[in-house]
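Q: Please read through the structure below; I'll follow up with questions.
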Amino acid sequence: MTTRIVDLRKGILEKNDLLAQSLRGRFTDAGVRVSNWVSSPGSGKTALLEALLTTAVERGISAAALVGDCATDNDAIRLARSGAPVRQIVTESMCHLESEMISTYLEGWDLATIDLLVVENVGNLVCPTAYDLGEDTRVALISVTEGEDKPLKYPQLFHSADVIVITKTDIAAAVEWDRDAALAAIRSVNPAAPIIETSARTGDGVLDLLDLLTDLTLTHSTQLQEAP
Amino acid sequence: MHELSVAHAVVSTVLDALPSPDTRVLQVRLRVGELSGLVPQALEFAYDVAAQGTPLADAVLVIERSPIIIACTTCGDQPIASATDFRCPVCGEPCGDVVGGKELEILDITLDDTALANADLVGA
């Protein structure tokens, strides 16, 4: 038998990555800040996003959201109450969003009229990590009802985050949240990302997060690395 | 369980690279970084499913793991042993700048060239 080795040196997710890069270019050209929110199911992504979108609309910031779930449009209905345009991406059994879905679901939206686009990923701490969606900011969330060591259990995601958000701080005392232990766990997998403590119920931290996500002076770490 | 999506991406990338659609693939070698979020065992299982009925059906999947390497400002590039402790193993300084470990790539493929070689002989 004659055999031959062919060098490929190809990224396995190259198709996703190339489309994500082209989306990032479109977002940058249109002046849209895009964040990709990743956390486990039930961590309070949607509640916080409701508060954030409502605050954005009140302040005259043009915000929009894409929401991924395996089934139902319940989250899109909740988020639409803020007055911001929202579209639900139903992924069927897919455990994560891919850049092609973002591209498809953006059709018909004039990016030039949007300041802030939030993509709420499917609730999952593993799979979304590998998929670039063209975002400038990846947000990883952890609620006070989860274990303080969650960042240690899912280091890939928390390491890849540009911003880390703690949710449901209004019930921290009731669930005996060990803040110091959680911050230490976050820091051991991600020494530098800003950490924002929030409560969708009291509104704590919502403005800080909005300011961070809409601050045009911040650039994504990938963009910094790619700069000459 | 996104390993199945990844396995399908591996199969379709390899199929695109084949010189002819009936070329048999003997081996596929991947590099999967410790920070890629992929579980090799799950990927192997998914690959068997994705490769069924394709020229990759009998191909052996070889997965090379690559370590996480951080760029310490004092000590330079240093491999770290665990994704749960982003500190320089030499000086102990926290460091999140990663220069290795996120790899998710197909390194090379080994093809059965017998049919092609025979064709060459006939041609000569």
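Quick note on naming: the chains in the structure tokens go A, B, ... in the order shown, residues restart at 1 in each chain, and ligands are numbered from 1 in order of appearance.
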Find the residues in chain B near chain A: any atom within 9 Å counts, using only C-alpha atoms. Write them as JSON, numbers by chain.

A: {"B": [1, 2, 3, 5, 6, 7, 9, 10, 13, 14, 17, 26, 27, 30, 34, 35, 36, 37, 38, 83, 84, 85, 86, 87, 94, 95, 96, 102, 103, 104, 105, 106, 107, 108, 109, 110, 111, 112, 113, 114, 115, 116, 117]}

Q: Return as a VMD selection string the full set of residues in chain B whose backbone-based DSSP assignment is alpha helix (DSSP H).

A: chain B and resid 3 to 17 40 to 51 114 to 123

Q: Just give me the gap between CA of Val98 (chain B) and CA of Ile69 (chain B) in Å, one decimal is fine.

A: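 Separation of CA of Val98 (chain B) and CA of Ile69 (chain B): 5.8 Å.
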
Q: Mind giving me the straight-line distance from CA of Ala184 (chain A) to CA of Gly205 (chain A) in Å, one decimal?

A: 19.9 Å

Q: Go through A:Leu19, A:Cys70, A:Val206, A:Ile166 and flag the residue nearest Gly123 (chain A), using only C-alpha atoms for the distances.

A: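 Residue with the minimum atom-to-atom distance to Gly123 (chain A): A:Cys70.
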